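Okay, structure first, notes after.
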Amino acid sequence: MSFKSLIQDMRGELGSISIKGFDVRFGYGRSRSQRVVQDTSVPVDAFKQSCWANMPPELLRDVLMRIELSEDTWPSRKNVVSCAGVCRNWREIVKEIVKVPEVSSKLTFPISLKQPGPRGSLVQCYIMRNRSNQTYYLYLGLNQASNDDGKFLLAAKRFRRPTCTDYIISLNCDDVSRGSNTYIGKLRSNFLGTKFTVYDAQPTNPGTQVTRTRSSRLLSLKQVSPRIPSGNYPVAHISYELNVLGSRGPRRMQCVMDAIPASAVEPGGTAPTQTELIHSNLDNFPSFSFFRSKSIRAESLSSGPASAAPKEGLLVLKNKAPRWHEQLQCWCLNFNGRVTVASVKNFQLVAAPENGPAGPEHENVILQFGKVGKDVFTMDYQYPISAFQAFTICLSSFDTKIACE
């Protein structure tokens, strides 16, 4: 038996173990664009009776490595995730084989969305906006078309408050709420829409200080799991320059990445990488929303103008200055064909030099965002920011800015 037929036989065996389990896990009941991959395990009773249960570890690792190499793009990459869901032994081997996006340039598991992107190349994604319910969907582009049937990654829903705006971000496109166990973070703006704070549901760095509010103190008293820290962890601050004179032109923005050092963009620099995605469940606390108004006031104080000031040693991203095109009579940036519609929302972010002149590493576009249709926008990002961080920065561009235009 050839090695290729051996792998095909194993795939067929995996499919016969629990077709129903895989269908629920990958969301085959919905359209392809709405699928979500969850880190769950399928029943192992049928697997124990399979010929693959007693496979030698060396041979099993070799087979799984071949599958990982052959299934390098979505949707076929779901077979790699299927292998990780068979049992604990398979999961541990697959987790060792699958490299982080920085090395592999691949998004495989949900934790990949919290890990820095690849070095030297942009991950091409796009955002779909649903105006009717104020929801935004992030997809991984499967080809060069910006409106293809991509791989669903994240969803965000906009909630307008009296003094601010919240964007709740979830791994589940059907359950975008703070109480969902797929909640991973949020974006909060001030009243004018000029300053934003990105909150992660779990700490990026050891010893990260949590933003304590009345709601988070209430949750800590009744916490479901002691492994899950309650509260919001600020990971970035975004500020838009005020346009007091009302002059026409592109927006000016600046992003202070609280969790990424400025040296990350230099050769040999590193950025913190999360290794485990912790899911919390807040559904057992019906009184959570009752205290929401006071929580908002407490967090608004922590996300004021002072928090947007750059701190020494942190990575600061600024928008790349466009040039004025005399013939077209508009401001232009080179998006390499990824943006086709002129919009004030379009931008490219590069690293701002700490001191002295900018080096070559400060010319690389770390994040670019632009319009290609009425409700379709491209989002391309690379190291040292993650898909989650890039998505939140792009969401800030959607928000209404009274004093910036």
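Numbering starts fresh at 1 for the residues of each chain in the structure tokens, the chains themselves are lettered A, B, ... in the order given, and ligands are numbered from 1 as they appear.
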
Could you name the residues that touch Pro116 (chain A) at 6 Å or less, counting only C-alpha atoms, but leaving out those on the same chain fewer than 3 positions away, as number ranges by chain? A: 102, 383-386

Quick one: everything within 10 Å of His362 (chain A), counting only C-alpha atoms, minus sequence neighbours fewer than 5 positions away in the same chain. Send it as a PyMOL selection string. chain A and resi 265-266+317+349-353+357

For all heavy atoms, I'd like the residues from the last selection saved as a PDB file, in the first residue's frame.
```
ATOM      1  N   VAL A 265       9.500  45.208  15.108  1.00  0.00           N
ATOM      2  CA  VAL A 265       9.594  45.402  13.655  1.00  0.00           C
ATOM      3  C   VAL A 265      11.030  45.372  13.163  1.00  0.00           C
ATOM      4  O   VAL A 265      11.263  45.351  11.954  1.00  0.00           O
ATOM      5  CB  VAL A 265       8.936  46.742  13.255  1.00  0.00           C
ATOM      6  CG1 VAL A 265       7.457  46.734  13.588  1.00  0.00           C
ATOM      7  CG2 VAL A 265       9.634  47.918  13.924  1.00  0.00           C
ATOM      8  N   GLU A 266      11.992  45.370  14.073  1.00  0.00           N
ATOM      9  CA  GLU A 266      13.392  45.327  13.686  1.00  0.00           C
ATOM     10  C   GLU A 266      13.815  43.890  13.401  1.00  0.00           C
ATOM     11  O   GLU A 266      13.165  42.945  13.838  1.00  0.00           O
ATOM     12  CB  GLU A 266      14.256  45.924  14.808  1.00  0.00           C
ATOM     13  CG  GLU A 266      13.928  47.368  15.131  1.00  0.00           C
ATOM     14  CD  GLU A 266      14.709  47.887  16.325  1.00  0.00           C
ATOM     15  OE1 GLU A 266      15.466  47.075  16.900  1.00  0.00           O
ATOM     16  OE2 GLU A 266      14.552  49.066  16.668  1.00  0.00           O
ATOM     17  N   LEU A 317       1.994  52.675  15.528  1.00  0.00           N
ATOM     18  CA  LEU A 317       1.674  52.625  14.105  1.00  0.00           C
ATOM     19  C   LEU A 317       1.029  53.937  13.689  1.00  0.00           C
ATOM     20  O   LEU A 317       0.180  54.469  14.420  1.00  0.00           O
ATOM     21  CB  LEU A 317       0.726  51.456  13.796  1.00  0.00           C
ATOM     22  CG  LEU A 317       1.193  50.059  14.201  1.00  0.00           C
ATOM     23  CD1 LEU A 317       0.110  49.030  13.867  1.00  0.00           C
ATOM     24  CD2 LEU A 317       2.501  49.701  13.534  1.00  0.00           C
ATOM     25  N   LEU A 349      -0.977  51.450   7.430  1.00  0.00           N
ATOM     26  CA  LEU A 349      -0.254  51.723   8.664  1.00  0.00           C
ATOM     27  C   LEU A 349       1.166  51.197   8.578  1.00  0.00           C
ATOM     28  O   LEU A 349       1.398  50.065   8.123  1.00  0.00           O
ATOM     29  CB  LEU A 349      -0.964  51.074   9.861  1.00  0.00           C
ATOM     30  CG  LEU A 349      -2.350  51.627  10.243  1.00  0.00           C
ATOM     31  CD1 LEU A 349      -2.844  50.955  11.515  1.00  0.00           C
ATOM     32  CD2 LEU A 349      -2.311  53.134  10.411  1.00  0.00           C
ATOM     33  N   VAL A 350       2.105  52.028   9.006  1.00  0.00           N
ATOM     34  CA  VAL A 350       3.519  51.651   9.088  1.00  0.00           C
ATOM     35  C   VAL A 350       4.004  51.955  10.495  1.00  0.00           C
ATOM     36  O   VAL A 350       3.356  52.699  11.251  1.00  0.00           O
ATOM     37  CB  VAL A 350       4.369  52.419   8.054  1.00  0.00           C
ATOM     38  CG1 VAL A 350       3.956  52.038   6.641  1.00  0.00           C
ATOM     39  CG2 VAL A 350       4.246  53.928   8.258  1.00  0.00           C
ATOM     40  N   ALA A 351       5.152  51.379  10.861  1.00  0.00           N
ATOM     41  CA  ALA A 351       5.713  51.610  12.190  1.00  0.00           C
ATOM     42  C   ALA A 351       6.363  52.988  12.247  1.00  0.00           C
ATOM     43  O   ALA A 351       7.098  53.385  11.336  1.00  0.00           O
ATOM     44  CB  ALA A 351       6.733  50.523  12.521  1.00  0.00           C
ATOM     45  N   ALA A 352       6.069  53.711  13.312  1.00  0.00           N
ATOM     46  CA  ALA A 352       6.668  55.030  13.508  1.00  0.00           C
ATOM     47  C   ALA A 352       8.009  54.867  14.217  1.00  0.00           C
ATOM     48  O   ALA A 352       8.099  54.127  15.203  1.00  0.00           O
ATOM     49  CB  ALA A 352       5.743  55.912  14.338  1.00  0.00           C
ATOM     50  N   PRO A 353       9.079  55.513  13.751  1.00  0.00           N
ATOM     51  CA  PRO A 353      10.387  55.380  14.408  1.00  0.00           C
ATOM     52  C   PRO A 353      10.359  56.018  15.787  1.00  0.00           C
ATOM     53  O   PRO A 353       9.735  57.064  16.006  1.00  0.00           O
ATOM     54  CB  PRO A 353      11.337  56.116  13.462  1.00  0.00           C
ATOM     55  CG  PRO A 353      10.459  57.075  12.714  1.00  0.00           C
ATOM     56  CD  PRO A 353       9.122  56.406  12.588  1.00  0.00           C
ATOM     57  N   PRO A 357      15.999  59.024  12.371  1.00  0.00           N
ATOM     58  CA  PRO A 357      15.376  58.789  11.064  1.00  0.00           C
ATOM     59  C   PRO A 357      14.776  57.389  10.966  1.00  0.00           C
ATOM     60  O   PRO A 357      15.180  56.465  11.678  1.00  0.00           O
ATOM     61  CB  PRO A 357      16.545  58.966  10.081  1.00  0.00           C
ATOM     62  CG  PRO A 357      17.759  58.650  10.889  1.00  0.00           C
ATOM     63  CD  PRO A 357      17.462  59.110  12.288  1.00  0.00           C
TER      64      PRO A 357
END
```

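Of note, CA of Val103 (chain A) and CA of Gln274 (chain A) are spaced 14.4 Å apart.
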
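Among the candidates A:Glu363, A:Gln389, A:Trp74, A:Ala84, the one nearest to Tyr199 (chain A) when counting only C-alpha atoms is A:Gln389.
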
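Distances here use only C-alpha atoms; by that measure, the residue among A:Arg188, A:Arg158, A:Lys371, A:Arg66 closest to Phe335 (chain A) is A:Lys371.
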
So that I can check the surroundings of Met128 (chain A), please list as a PyMOL selection string every protein, DNA and RNA residue that reaches within 10 Å of it, counting only C-alpha atoms and ignoring chain neighbours fewer than 6 positions away. chain A and resi 135-139+146-147+155+373-378

Show which residues sit within 7 Å of Ala259 (chain A), as an mmCIF file with C-alpha atoms, in the first residue's frame. Count only C-alpha atoms, and ignore same-chain residues fewer than 2 positions away.
```cif
data_model
loop_
_atom_site.group_PDB
_atom_site.id
_atom_site.type_symbol
_atom_site.label_atom_id
_atom_site.label_comp_id
_atom_site.auth_asym_id
_atom_site.auth_seq_id
_atom_site.Cartn_x
_atom_site.Cartn_y
_atom_site.Cartn_z
ATOM 1 C CA THR A 204 -1.388 38.868 26.162
ATOM 2 C CA ASN A 205 1.626 39.247 28.443
ATOM 3 C CA VAL A 235 -3.899 45.859 24.180
ATOM 4 C CA MET A 257 0.152 48.735 20.648
ATOM 5 C CA PRO A 261 7.473 46.362 21.840
#
```
